[in-house]
Amino acid sequence: MTTEPLTPALELAAAGLLISAPLAHVQWAPVSGTMWLTAVDILYQMVRYFPMRPKLFDPDAVIASALPLFWRQGYEGTHMPELLDAMGLGKASFYNAFTSKHAVFLAVLDCYFGAVDHILARALEGEKHRDQAAACLLDAILAVARDQEGKTVGWRGCLIGNTALEMGAQDETVRDRLNQGVHLLRRHFANALSLADRDGRVLPDSVVSALALHAVAGIQGILVLAKAGMFEEEIRAAKLTLLSTLRASQPI
């Protein structure tokens, strides 16, 4: 391939690069096989000596800023202009850092799991008895699922359940992430149900595992109905009924 010598404008640009501080001692041997510095040479040297500008934002922070939007509006209901606005990014910065809306959504799910994990762990701190620990977990999940800005019917639900209804059947990658979220909830309920009751009695491991899954299924169902407009007194009654089923198994 042949290359043309630099135009006067590019010669001036090359001269400016040669005297810039980072390149003061760089040997600019042409790579294009001519005695002239060509545009190919300049691009080659710029790539070598001018690495890509570092990100000027915290990726974790902008993912956290996208979480409320996806939580309330879902994946399909969240459009790129409002997502960019919520994250405070331009298109170039967005695609350089995250490549796609789908990639951001997966990161948002991970962010949500981390936050819920922390909240539920805090809810169990200091709890000594099974019944009270399970009640604290249910209350914590319901509190997280309430829409703090009071939009729609006052419930934003659980992002795990919301996403399962919207995308679980179509997106295998998202489905795998949701399984991680379900496992997280089951683990916390298993921790609560593994505690002794007030008489010091404990449940068999097999019963704990089954009840933990039952608790996750029950609270997810309550949250779906809450988003559909179920009355507050009905939500409280459903929670108490779920707690009663968790107490029904015989301890050993």
# chains A, B, ... in the order shown; residues from 1 in each chain; ligands from 1
$ closest_atom_pairs --of "stretch 84-156 of chain A" --to "stretch 188-211 of chain A" --cutoff "7 Å" --atoms "only C-alpha atoms" --output "JSON lines"
{"residue": "A:Leu120", "atom": "CA", "partner": "A:His188", "partner_atom": "CA", "distance": 7.0}
{"residue": "A:Lys128", "atom": "CA", "partner": "A:Leu195", "partner_atom": "CA", "distance": 6.7}
{"residue": "A:His129", "atom": "CA", "partner": "A:Asp197", "partner_atom": "CA", "distance": 5.1}
{"residue": "A:Arg130", "atom": "CA", "partner": "A:Leu195", "partner_atom": "CA", "distance": 4.8}
{"residue": "A:Asp131", "atom": "CA", "partner": "A:Asp197", "partner_atom": "CA", "distance": 6.8}
{"residue": "A:Ala133", "atom": "CA", "partner": "A:Ala192", "partner_atom": "CA", "distance": 5.2}
{"residue": "A:Ala134", "atom": "CA", "partner": "A:Ala192", "partner_atom": "CA", "distance": 5.6}
$ write_last_selection --atoms "N, CA and C atoms" --output "PDB file, in the first residue's frame"
ATOM      1  N   LEU A 120     -31.540  -7.526  54.034  1.00  0.00           N
ATOM      2  CA  LEU A 120     -32.080  -8.697  54.721  1.00  0.00           C
ATOM      3  C   LEU A 120     -31.128  -9.201  55.805  1.00  0.00           C
ATOM      4  N   LYS A 128     -33.130 -13.971  67.598  1.00  0.00           N
ATOM      5  CA  LYS A 128     -32.772 -15.247  68.224  1.00  0.00           C
ATOM      6  C   LYS A 128     -33.788 -16.354  67.972  1.00  0.00           C
ATOM      7  N   HIS A 129     -35.006 -15.968  67.602  1.00  0.00           N
ATOM      8  CA  HIS A 129     -36.075 -16.955  67.479  1.00  0.00           C
ATOM      9  C   HIS A 129     -36.646 -16.984  66.065  1.00  0.00           C
ATOM     10  N   ARG A 130     -37.051 -18.176  65.655  1.00  0.00           N
ATOM     11  CA  ARG A 130     -37.451 -18.447  64.283  1.00  0.00           C
ATOM     12  C   ARG A 130     -38.626 -17.585  63.825  1.00  0.00           C
ATOM     13  N   ASP A 131     -39.701 -17.557  64.610  1.00  0.00           N
ATOM     14  CA  ASP A 131     -40.909 -16.861  64.169  1.00  0.00           C
ATOM     15  C   ASP A 131     -40.651 -15.370  63.961  1.00  0.00           C
ATOM     16  N   ALA A 133     -37.783 -13.887  63.454  1.00  0.00           N
ATOM     17  CA  ALA A 133     -36.831 -13.671  62.361  1.00  0.00           C
ATOM     18  C   ALA A 133     -37.542 -13.727  61.010  1.00  0.00           C
ATOM     19  N   ALA A 134     -38.438 -14.708  60.834  1.00  0.00           N
ATOM     20  CA  ALA A 134     -39.173 -14.821  59.576  1.00  0.00           C
ATOM     21  C   ALA A 134     -40.070 -13.601  59.362  1.00  0.00           C
TER      22      ALA A 134
END
$ closest_atom_pairs --of "stretch 71-124 of chain A" --to "stretch 167-174 of chain A" --cutoff "9 Å" --atoms "only C-alpha atoms" --output "CSV"
residue,atom,partner,partner_atom,distance
A:Tyr75,CA,A:Met167,CA,8.3
A:Phe105,CA,A:Val174,CA,8.9
A:Leu106,CA,A:Val174,CA,7.0
A:Leu109,CA,A:Val174,CA,8.7
$ write_last_selection --atoms "N, CA and C atoms" --output "PDB file, in the first residue's frame"
ATOM      1  N   TYR A  75     -37.829  -3.430  31.868  1.00  0.00           N
ATOM      2  CA  TYR A  75     -36.781  -3.339  30.840  1.00  0.00           C
ATOM      3  C   TYR A  75     -37.313  -2.671  29.565  1.00  0.00           C
ATOM      4  N   PHE A 105     -28.686  -3.546  32.259  1.00  0.00           N
ATOM      5  CA  PHE A 105     -29.748  -4.176  33.039  1.00  0.00           C
ATOM      6  C   PHE A 105     -29.216  -5.346  33.865  1.00  0.00           C
ATOM      7  N   LEU A 106     -28.320  -6.138  33.285  1.00  0.00           N
ATOM      8  CA  LEU A 106     -27.725  -7.230  34.060  1.00  0.00           C
ATOM      9  C   LEU A 106     -26.945  -6.686  35.254  1.00  0.00           C
ATOM     10  N   LEU A 109     -29.404  -5.640  37.917  1.00  0.00           N
ATOM     11  CA  LEU A 109     -29.861  -6.794  38.707  1.00  0.00           C
ATOM     12  C   LEU A 109     -28.841  -7.159  39.782  1.00  0.00           C
TER      13      LEU A 109
END
$ closest_residue --among "A:Glu233, A:Asp176, A:Asp139, A:Asp58" --to "A:Ser93" --atoms "only C-alpha atoms"
A:Asp58
$ residues_around --residues "stretch 215-226 of chain A" --least-positions-apart "5" --cutoff "8 Å" --atoms "only C-alpha atoms" --output "list in words"
Leu138, Leu142, Ala145, Trp155, Gly157, Cys158, Gly161, Asn162, Val182, Leu185, Arg186, Phe189, Phe231, Ile235, Ala238, Lys239, Leu242 and Leu246 of chain A
$ closest_residue --among "A:His214, A:Arg177, A:His102, A:His118" --to "A:Met80" --atoms "only C-alpha atoms"
A:His102
$ atom_distance --atom1 "atom CA of A:Glu125" --atom2 "atom CA of A:Leu137"
10.7 Å
$ closest_residue --among "A:Val62, A:Leu213, A:Leu184, A:Ala103" --to "A:Asp85" --atoms "only C-alpha atoms"
A:Val62
$ residues_around --residues "stretch 112-114 of chain A" --least-positions-apart "5" --cutoff "9 Å" --atoms "only C-alpha atoms" --output "number ranges by chain"
A: 64, 67, 107, 119, 159-160, 180-181, 184
$ closest_residue --among "A:Leu56, A:Leu165, A:Leu124, A:Val104" --to "A:Thr78" --atoms "only C-alpha atoms"
A:Val104
$ select_by_dssp --residues "stretch 69-224 of chain A" --states "alpha helix (DSSP H)" --output "PyMOL selection string"
chain A and resi 69-73+80-87+91-98+101-124+130-145+159-167+172-193+205-224
